[in-house]
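Source file: target.cif. Holds: mmCIF, C-alpha atoms.
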```cif
data_work
loop_
_atom_site.label_atom_id
_atom_site.label_comp_id
_atom_site.auth_asym_id
_atom_site.auth_seq_id
_atom_site.Cartn_x
_atom_site.Cartn_y
_atom_site.Cartn_z
CA MET A 1 32.58 33.47 -106.67
CA ALA A 2 34.11 32.37 -103.42
CA PHE A 3 33.07 30.97 -100.09
CA THR A 4 34.94 32.54 -97.18
CA LEU A 5 35.79 31.69 -93.61
CA GLU A 6 33.53 34.50 -92.42
CA MET A 7 30.64 33.04 -94.43
CA ALA A 8 31.23 29.67 -92.75
CA ARG A 9 31.08 31.31 -89.36
CA GLY A 10 27.91 33.18 -90.36
CA ALA A 11 26.35 29.93 -91.60
CA LEU A 12 26.97 28.25 -88.24
CA GLU A 13 25.31 31.16 -86.47
CA LYS A 14 22.29 30.88 -88.77
CA LEU A 15 22.15 27.12 -88.32
CA ASN A 16 22.13 27.61 -84.54
CA ALA A 17 19.22 30.05 -84.88
CA VAL A 18 17.16 27.86 -87.21
CA ILE A 19 17.69 24.76 -85.05
CA GLU A 20 16.59 26.78 -82.01
CA GLU A 21 13.46 27.81 -83.90
CA LYS A 22 12.72 24.35 -85.32
CA LYS A 23 13.80 22.14 -82.43
CA ASP A 24 10.25 21.11 -81.55
CA TYR A 25 9.47 20.33 -85.18
CA LEU A 26 12.65 18.20 -85.47
CA THR A 27 11.75 16.42 -82.26
CA ASP A 28 8.20 15.79 -83.57
CA LEU A 29 9.64 14.27 -86.76
CA ASP A 30 12.00 12.16 -84.65
CA SER A 31 9.30 11.00 -82.25
CA ALA A 32 7.41 9.47 -85.20
CA ILE A 33 10.28 7.17 -86.18
CA GLY A 34 13.23 7.74 -83.86
CA ASP A 35 13.89 8.41 -80.21
CA ALA A 36 12.54 11.97 -80.18
CA ASP A 37 15.87 13.59 -79.39
CA HIS A 38 17.13 15.07 -82.69
CA GLY A 39 15.81 18.59 -82.04
CA ILE A 40 17.01 18.74 -78.43
CA ASN A 41 20.36 17.17 -79.27
CA MET A 42 21.10 19.44 -82.23
CA ASN A 43 19.96 22.46 -80.23
CA ARG A 44 22.33 21.61 -77.37
CA GLY A 45 25.15 20.85 -79.82
CA MET A 46 24.83 24.05 -81.86
CA LYS A 47 24.55 26.23 -78.76
CA ARG A 48 27.80 24.77 -77.51
CA VAL A 49 29.40 25.26 -80.93
CA MET A 50 28.52 28.95 -80.78
CA GLU A 51 29.92 29.30 -77.25
CA LYS A 52 33.13 27.71 -78.49
CA ILE A 53 33.65 29.69 -81.69
CA ARG A 54 31.95 33.04 -81.04
CA ASP A 55 34.88 34.97 -79.67
CA LYS A 56 37.68 32.91 -81.13
CA GLU A 57 39.87 33.97 -84.04
CA TYR A 58 40.45 31.44 -86.82
CA SER A 59 43.00 31.63 -89.58
CA ASP A 60 41.55 28.85 -91.75
CA PHE A 61 38.53 26.56 -92.32
CA GLY A 62 40.58 23.72 -90.83
CA GLY A 63 40.72 25.25 -87.34
CA LEU A 64 37.10 26.40 -87.36
CA PHE A 65 35.65 23.09 -88.57
CA ARG A 66 37.84 21.07 -86.21
CA ASP A 67 36.44 22.99 -83.22
CA VAL A 68 32.90 22.58 -84.59
CA ALA A 69 33.48 18.84 -85.07
CA MET A 70 34.93 18.21 -81.61
CA THR A 71 32.19 20.24 -79.91
CA ILE A 72 29.38 18.53 -81.81
CA MET A 73 30.82 15.09 -81.11
CA SER A 74 30.93 15.71 -77.37
CA ALA A 75 27.78 17.77 -76.94
CA VAL A 76 25.11 16.36 -79.26
CA GLY A 77 24.62 13.06 -77.43
CA GLY A 78 22.83 11.09 -80.17
CA SER A 79 23.87 9.61 -83.51
CA ALA A 80 23.86 13.07 -85.06
CA GLY A 81 26.93 13.83 -82.89
CA PRO A 82 29.43 11.49 -84.52
CA LEU A 83 27.76 11.91 -87.94
CA TYR A 84 27.82 15.75 -88.09
CA GLY A 85 31.14 15.66 -86.20
CA THR A 86 32.75 13.51 -88.88
CA PHE A 87 31.26 15.72 -91.60
CA PHE A 88 32.92 18.87 -90.22
CA MET A 89 36.14 17.05 -89.30
CA LYS A 90 36.65 15.74 -92.85
CA MET A 91 35.69 19.11 -94.36
CA GLY A 92 38.21 20.82 -92.11
CA GLN A 93 40.97 18.41 -93.12
CA LYS A 94 40.22 19.00 -96.80
CA LEU A 95 40.17 22.80 -96.41
CA ALA A 96 43.10 23.09 -93.98
CA GLY A 97 45.20 26.22 -94.53
CA LYS A 98 42.49 27.94 -96.60
CA ARG A 99 40.17 30.81 -95.73
CA GLU A 100 38.50 31.32 -99.10
CA VAL A 101 37.59 28.76 -101.76
CA ALA A 102 35.50 28.59 -104.91
CA GLU A 103 32.05 26.99 -104.54
CA ASP A 104 33.11 23.83 -106.34
CA GLU A 105 36.07 23.38 -104.01
CA PHE A 106 33.73 23.85 -101.07
CA ALA A 107 31.47 21.22 -102.66
CA ASP A 108 34.48 18.85 -102.89
CA ALA A 109 35.11 19.31 -99.17
CA MET A 110 31.43 18.64 -98.44
CA GLN A 111 31.71 15.46 -100.49
CA GLU A 112 34.67 14.42 -98.33
CA GLY A 113 32.54 15.08 -95.25
CA LEU A 114 29.66 13.08 -96.72
CA SER A 115 32.00 10.15 -97.41
CA GLY A 116 32.90 10.25 -93.71
CA ILE A 117 29.21 10.13 -92.76
CA MET A 118 28.55 7.21 -95.10
CA ALA A 119 31.57 5.25 -93.81
CA LEU A 120 30.65 5.82 -90.17
CA GLY A 121 26.94 5.15 -90.59
CA LYS A 122 27.46 2.43 -93.24
CA SER A 123 24.72 4.27 -95.11
CA GLN A 124 23.87 4.60 -98.80
CA LEU A 125 21.69 6.92 -100.84
CA GLY A 126 18.06 5.82 -100.38
CA ASP A 127 18.44 4.53 -96.80
CA LYS A 128 16.29 7.42 -95.46
CA THR A 129 19.13 9.35 -93.78
CA MET A 130 21.04 12.64 -93.89
CA VAL A 131 22.73 11.31 -97.04
CA ASP A 132 19.50 11.68 -99.04
CA ALA A 133 19.49 15.47 -98.63
CA LEU A 134 23.25 16.03 -98.60
CA GLN A 135 24.28 14.20 -101.76
CA PRO A 136 21.78 15.98 -104.07
CA ALA A 137 22.75 19.34 -102.54
CA ILE A 138 26.45 18.75 -103.20
CA ASP A 139 25.74 17.56 -106.75
CA ALA A 140 23.68 20.70 -107.42
CA LEU A 141 26.35 22.98 -105.96
CA ARG A 142 28.87 21.45 -108.37
CA GLU A 143 26.76 22.14 -111.47
CA PRO A 144 27.96 25.10 -113.53
CA ALA A 145 25.99 28.20 -112.49
CA PRO A 146 26.04 31.86 -113.58
CA ASP A 147 26.87 33.02 -110.05
CA ALA A 148 27.15 31.89 -106.43
CA SER A 149 23.58 32.90 -105.72
CA ALA A 150 22.26 30.56 -108.43
CA ALA A 151 24.57 27.75 -107.30
CA TRP A 152 23.38 27.94 -103.69
CA ALA A 153 19.73 28.29 -104.75
CA ALA A 154 20.08 25.05 -106.73
CA ALA A 155 21.77 23.36 -103.77
CA LEU A 156 18.97 24.35 -101.39
CA LYS A 157 16.27 23.25 -103.82
CA ALA A 158 18.00 19.88 -104.20
CA ALA A 159 18.42 19.47 -100.43
CA GLU A 160 14.74 20.22 -99.81
CA LYS A 161 13.66 17.83 -102.54
CA GLY A 162 16.01 15.18 -101.10
CA MET A 163 14.51 15.78 -97.66
CA GLU A 164 10.94 15.39 -98.98
CA ASP A 165 11.96 12.32 -100.97
CA THR A 166 12.74 10.56 -97.67
CA ILE A 167 9.00 10.49 -96.81
CA PRO A 168 8.07 7.39 -98.88
CA MET A 169 11.39 5.66 -98.15
CA LEU A 170 11.80 2.56 -96.00
CA SER A 171 14.39 3.26 -93.32
CA LYS A 172 17.49 1.08 -93.46
CA ARG A 173 19.60 2.79 -90.77
CA GLY A 174 19.27 3.87 -87.16
CA ARG A 175 16.43 3.34 -84.74
CA SER A 176 13.81 4.05 -87.42
CA SER A 177 15.01 0.93 -89.28
CA TYR A 178 13.65 -1.21 -86.43
CA LEU A 179 10.18 0.02 -87.49
CA GLY A 180 10.50 -1.51 -90.95
CA GLU A 181 7.43 -0.69 -93.08
CA ARG A 182 6.11 1.66 -90.39
CA SER A 183 8.95 4.07 -91.16
CA ILE A 184 7.31 4.76 -94.54
CA GLY A 185 5.34 8.03 -94.72
CA HIS A 186 7.55 9.99 -92.31
CA GLN A 187 10.18 12.58 -93.23
CA ASP A 188 13.67 11.79 -91.93
CA PRO A 189 14.77 14.21 -89.17
CA GLY A 190 18.46 13.95 -90.18
CA ALA A 191 17.68 14.86 -93.80
CA THR A 192 15.62 17.77 -92.44
CA SER A 193 18.48 19.21 -90.37
CA VAL A 194 20.74 18.82 -93.41
CA ALA A 195 18.31 20.99 -95.39
CA TYR A 196 18.61 23.62 -92.61
CA LEU A 197 22.41 23.40 -92.88
CA ILE A 198 22.29 24.03 -96.65
CA ALA A 199 19.80 26.89 -96.17
CA SER A 200 22.17 28.45 -93.61
CA LEU A 201 25.19 28.10 -95.91
CA ARG A 202 23.19 29.70 -98.74
CA GLU A 203 22.03 32.62 -96.64
CA ALA A 204 25.54 33.30 -95.38
CA ALA A 205 26.96 33.04 -98.90
CA LEU A 206 24.43 35.56 -100.23
CA GLU A 207 25.11 38.05 -97.46
CA GLY A 208 28.80 37.87 -98.35
CA MET B 1 46.12 -7.70 -71.07
CA ILE B 2 42.98 -6.62 -72.92
CA GLY B 3 40.83 -3.89 -71.37
CA ILE B 4 37.05 -3.68 -71.66
CA LEU B 5 35.17 -0.42 -72.20
CA ILE B 6 31.41 -0.52 -71.72
CA VAL B 7 29.51 2.26 -73.54
CA SER B 8 25.90 2.93 -72.64
CA HIS B 9 23.35 5.74 -73.05
CA SER B 10 23.31 5.90 -69.25
CA GLU B 11 26.36 6.51 -67.11
CA ASP B 12 24.74 4.60 -64.24
CA ALA B 13 24.08 1.62 -66.52
CA ALA B 14 27.65 1.65 -67.86
CA ARG B 15 29.13 1.69 -64.37
CA GLY B 16 26.67 -0.89 -63.10
CA ILE B 17 27.39 -3.24 -65.99
CA ALA B 18 31.12 -2.82 -65.38
CA GLN B 19 30.52 -3.71 -61.74
CA ILE B 20 28.52 -6.81 -62.69
CA ALA B 21 31.13 -7.86 -65.26
CA VAL B 22 33.89 -7.68 -62.67
CA GLY B 23 31.85 -9.32 -59.93
CA MET B 24 30.28 -12.18 -61.85
CA SER B 25 33.19 -13.08 -64.11
CA GLY B 26 35.72 -13.38 -61.33
CA ALA B 27 37.91 -11.21 -63.54
CA ALA B 28 41.33 -10.69 -62.05
CA ASP B 29 41.88 -7.26 -60.54
CA ASP B 30 44.35 -6.48 -63.29
CA VAL B 31 41.72 -6.56 -66.09
CA PRO B 32 40.89 -2.90 -66.72
CA ILE B 33 37.10 -2.62 -67.01
CA THR B 34 35.58 0.83 -67.38
CA GLY B 35 32.08 2.06 -68.13
CA VAL B 36 31.21 5.41 -69.73
CA GLY B 37 27.83 6.79 -70.71
CA GLY B 38 25.38 9.66 -70.79
CA ASN B 39 25.67 12.92 -72.66
CA ASP B 40 28.04 15.53 -71.31
CA GLU B 41 25.29 17.16 -69.27
CA GLY B 42 24.60 13.94 -67.40
CA GLY B 43 21.41 13.05 -69.31
CA LEU B 44 20.76 9.98 -71.45
CA GLY B 45 22.95 9.94 -74.52
CA VAL B 46 26.46 9.24 -75.70
CA SER B 47 29.49 11.50 -75.95
CA VAL B 48 32.29 10.72 -78.41
CA ALA B 49 34.65 12.72 -76.19
CA LYS B 50 33.97 10.53 -73.14
CA ILE B 51 34.68 7.38 -75.14
CA TYR B 52 37.81 8.92 -76.65
CA ASP B 53 39.08 10.01 -73.23
CA ALA B 54 38.49 6.56 -71.75
CA LEU B 55 40.31 4.91 -74.67
CA THR B 56 43.34 7.19 -74.44
CA GLU B 57 43.50 6.54 -70.71
CA MET B 58 43.23 2.75 -71.07
CA LEU B 59 45.37 2.10 -74.15
CA PRO B 60 48.83 2.86 -72.71
CA ALA B 61 48.27 0.18 -70.06
CA CYS B 62 46.62 -2.44 -72.31
CA ASP B 63 47.50 -4.57 -75.35
CA GLY B 64 44.09 -3.66 -76.73
CA VAL B 65 40.60 -2.56 -75.74
CA LEU B 66 37.27 -4.22 -76.51
CA ILE B 67 34.37 -1.76 -76.61
CA VAL B 68 31.01 -3.28 -75.67
CA PRO B 69 28.29 -0.77 -76.68
CA ASP B 70 24.58 -0.87 -75.90
CA LEU B 71 22.62 0.38 -78.96
CA GLY B 72 22.52 2.77 -81.89
CA SER B 73 24.39 5.95 -81.05
CA SER B 74 26.70 4.06 -78.71
CA ILE B 75 27.98 2.06 -81.66
CA LEU B 76 28.25 5.09 -83.98
CA SER B 77 29.91 7.18 -81.28
CA SER B 78 32.39 4.40 -80.54
CA ARG B 79 33.32 4.27 -84.22
CA GLY B 80 33.66 8.07 -84.18
CA ALA B 81 35.98 7.94 -81.15
CA ILE B 82 38.17 5.28 -82.78
CA GLU B 83 38.52 7.53 -85.85
CA LEU B 84 40.03 10.22 -83.64
CA LEU B 85 42.80 7.88 -82.42
CA SER B 86 46.15 7.52 -84.15
CA PRO B 87 46.11 4.64 -86.68
CA LYS B 88 48.37 2.64 -84.34
CA ASP B 89 46.02 3.05 -81.37
CA ALA B 90 42.94 2.55 -83.57
CA SER B 91 44.29 -0.86 -84.64
CA LYS B 92 44.21 -1.93 -81.00
CA VAL B 93 40.48 -1.27 -80.48
CA VAL B 94 37.57 -3.48 -81.55
CA ILE B 95 33.81 -2.98 -81.11
CA ALA B 96 32.09 -6.14 -79.87
CA ASP B 97 29.05 -7.51 -81.70
CA ALA B 98 27.39 -8.62 -78.49
CA PRO B 99 24.64 -7.83 -75.97
CA VAL B 100 26.08 -5.26 -73.59
CA LEU B 101 25.74 -6.97 -70.22
CA GLU B 102 26.32 -10.60 -71.14
CA GLY B 103 29.00 -9.64 -73.65
CA SER B 104 30.89 -7.56 -71.10
CA MET B 105 30.81 -10.41 -68.62
CA LEU B 106 32.06 -13.08 -71.02
CA ALA B 107 34.69 -10.69 -72.39
CA ALA B 108 35.91 -10.15 -68.82
CA VAL B 109 36.22 -13.91 -68.34
CA GLU B 110 38.29 -14.20 -71.53
CA ALA B 111 40.43 -11.17 -70.73
CA SER B 112 41.26 -12.44 -67.27
CA SER B 113 42.67 -15.61 -68.84
CA GLY B 114 45.15 -13.45 -70.77
CA ALA B 115 43.44 -13.97 -74.16
CA ASP B 116 44.23 -11.65 -77.09
CA LEU B 117 41.85 -9.02 -78.50
CA GLU B 118 40.34 -11.32 -81.14
CA ALA B 119 39.61 -14.03 -78.54
CA VAL B 120 38.10 -11.53 -76.10
CA ALA B 121 35.86 -10.18 -78.90
CA GLU B 122 34.85 -13.75 -79.78
CA GLY B 123 34.06 -14.40 -76.12
CA ALA B 124 31.75 -11.40 -76.09
CA ARG B 125 30.09 -12.49 -79.33
CA GLU B 126 29.29 -15.90 -77.81
CA ALA B 127 27.04 -14.09 -75.34
CA LYS B 128 24.46 -13.95 -78.14
CA ASN B 129 23.89 -17.67 -77.61
CA LEU B 130 23.24 -17.57 -73.87
CA LYS B 131 19.78 -19.05 -73.38
CA LYS B 132 17.54 -17.64 -70.68
CA SER B 133 14.26 -19.46 -71.30
CA ASP B 134 12.45 -21.67 -73.78
CA HIS B 135 10.13 -18.84 -74.80
#
```
Please express the file's structure as structure tokens.
Amino acid sequence: MAFTLEMARGALEKLNAVIEEKKDYLTDLDSAIGDADHGINMNRGMKRVMEKIRDKEYSDFGGLFRDVAMTIMSAVGGSAGPLYGTFFMKMGQKLAGKREVAEDEFADAMQEGLSGIMALGKSQLGDKTMVDALQPAIDALREPAPDASAAWAAALKAAEKGMEDTIPMLSKRGRSSYLGERSIGHQDPGATSVAYLIASLREAALEG
Amino acid sequence: MIGILIVSHSEDAARGIAQIAVGMSGAADDVPITGVGGNDEGGLGVSVAKIYDALTEMLPACDGVLIVPDLGSSILSSRGAIELLSPKDASKVVIADAPVLEGSMLAAVEASSGADLEAVAEGAREAKNLKKSDH
């Protein structure tokens, strides 16, 4: 049971494809409560990530995730830029020098990344943000599982539940928080793209 | 001398606000005032890299830099850029809790008097109290 550098690269490719496919949906979600740019911004950011990493050789997660972080931070253009950027930067620092880790060690690195997001966004669980999908996914990935496939299935299920759980929440962060009560009843776009990230990691992990 | 970095979703707005801050504050020519904005394709948005580049250009010539951001992602992206600096450089940068135009102008006034970073940040913060009308 191990998550490899090649799986990480595959997951980024899958994330780019799913964001491309869902960019209008993400933008629709964001136009209900945000500034309608999450789909476009993530699409631009992930395309640029792929241009950066596609033909480049990496010897460890640290180098790969640092490039992903720097590209996302410059190219995304909205709040998702610094937030996803910090996530990959902190993950890369935690996994520096490694090209293969057990799922629970990968979960530890994701937790480090999530701590970066929470510090930067001053966000907590329940604020109707990315955190609400990411934390349950990490917790699920850490649970003992018979194999990697079961661990990632649990993580995806938890991320999707976390994403859906943002619908009745009152937004406490970002532009949607200016809407107050009117933010209730809408699914958070950031939590939605996090669910795509977890789905991409799972798919890449299963393909091996 | 404290430098002032204006961060906006629009590059035109950032530059224009910098121009107003210099012009209306009577800031001495030696106060470095820069504006950055827009995503890296020239559209509306904010780029952490642009803020980081501006900071690394300004810091060697300044005792500190006050960032005056417009809204939302500008604030988050400014925090993200500061995180990329060395701890020593990061300790010389503060994000102002102030309206972007008025704050930049009052910060420029303070900076041109030779005030330290804390005083320049306080000057910007006072811009919240500028009254424009009774309504």
Provide the CA of Glu112 in chain A to CA of Glu51 in chain A distance in Å, to one decimal place. 26.2 Å
Distance filter 7 Å, all atoms listed in the file, chain A against chain B, as a ChimeraX atom specification: /A:73-75,77-79,82,120-121,174-175
Evaluate the PyMOL selection byres ((chain B and resi 18) around 12) on the structure here and hand back the selected residues as a short mmCIF file (atom, residue, chain, number, x, y, z; two decimals) with C-alpha atoms, in the coordinates of the input.
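Result written to part-v4.cif:
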```cif
data_model
loop_
_atom_site.label_atom_id
_atom_site.label_comp_id
_atom_site.auth_asym_id
_atom_site.auth_seq_id
_atom_site.Cartn_x
_atom_site.Cartn_y
_atom_site.Cartn_z
CA GLY B 3 40.83 -3.89 -71.37
CA ILE B 4 37.05 -3.68 -71.66
CA LEU B 5 35.17 -0.42 -72.20
CA ILE B 6 31.41 -0.52 -71.72
CA VAL B 7 29.51 2.26 -73.54
CA SER B 8 25.90 2.93 -72.64
CA GLU B 11 26.36 6.51 -67.11
CA ASP B 12 24.74 4.60 -64.24
CA ALA B 13 24.08 1.62 -66.52
CA ALA B 14 27.65 1.65 -67.86
CA ARG B 15 29.13 1.69 -64.37
CA GLY B 16 26.67 -0.89 -63.10
CA ILE B 17 27.39 -3.24 -65.99
CA GLN B 19 30.52 -3.71 -61.74
CA ILE B 20 28.52 -6.81 -62.69
CA ALA B 21 31.13 -7.86 -65.26
CA VAL B 22 33.89 -7.68 -62.67
CA GLY B 23 31.85 -9.32 -59.93
CA MET B 24 30.28 -12.18 -61.85
CA SER B 25 33.19 -13.08 -64.11
CA ALA B 27 37.91 -11.21 -63.54
CA VAL B 31 41.72 -6.56 -66.09
CA PRO B 32 40.89 -2.90 -66.72
CA ILE B 33 37.10 -2.62 -67.01
CA THR B 34 35.58 0.83 -67.38
CA GLY B 35 32.08 2.06 -68.13
CA VAL B 36 31.21 5.41 -69.73
CA GLY B 37 27.83 6.79 -70.71
CA ILE B 67 34.37 -1.76 -76.61
CA VAL B 68 31.01 -3.28 -75.67
CA PRO B 69 28.29 -0.77 -76.68
CA VAL B 100 26.08 -5.26 -73.59
CA LEU B 101 25.74 -6.97 -70.22
CA GLU B 102 26.32 -10.60 -71.14
CA GLY B 103 29.00 -9.64 -73.65
CA SER B 104 30.89 -7.56 -71.10
CA MET B 105 30.81 -10.41 -68.62
CA LEU B 106 32.06 -13.08 -71.02
CA ALA B 107 34.69 -10.69 -72.39
CA ALA B 108 35.91 -10.15 -68.82
#
```
So how many Å separate CA of Lys92 in chain B and CA of Arg173 in chain A, to one decimal?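 Here the two named atoms are 26.9 Å from each other.
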List the neighbours of range 18-29 of chain A out to 6 Å using all atoms listed in the file; skip same-chain residues closer than 3 positions along the sequence, and give me the result as a VMD selection string. chain A and resid 15 32 36 to 39 43 189
Separation of CA of Leu5 in chain A from CA of Leu64 in chain A in Å: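 These atoms are spaced 8.3 Å apart.
Closest approach to Val93 in chain B among B:Met1, B:Val120, B:Ala54, B:Leu66 is made by B:Leu66 (distances from all atoms listed in the file).
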Name the residues that the PyMOL selection byres ((chain A and resi 103) around 9) picks from the file above, as a VMD selection string, using the file's chain letters and numbers. chain A and resid 1 to 3 101 to 102 104 to 108 141 to 142 148 151 to 152
Quick check on the file I pasted: which residues fall under the PyMOL selection byres ((chain A and resi 190-204) around 9)? Write them as a PyMOL selection string. chain A and resi 6-15+18-19+26+29-30+38-39+42+80+128-134+137+148-149+151-153+155-160+162-164+166+187-189+205-208
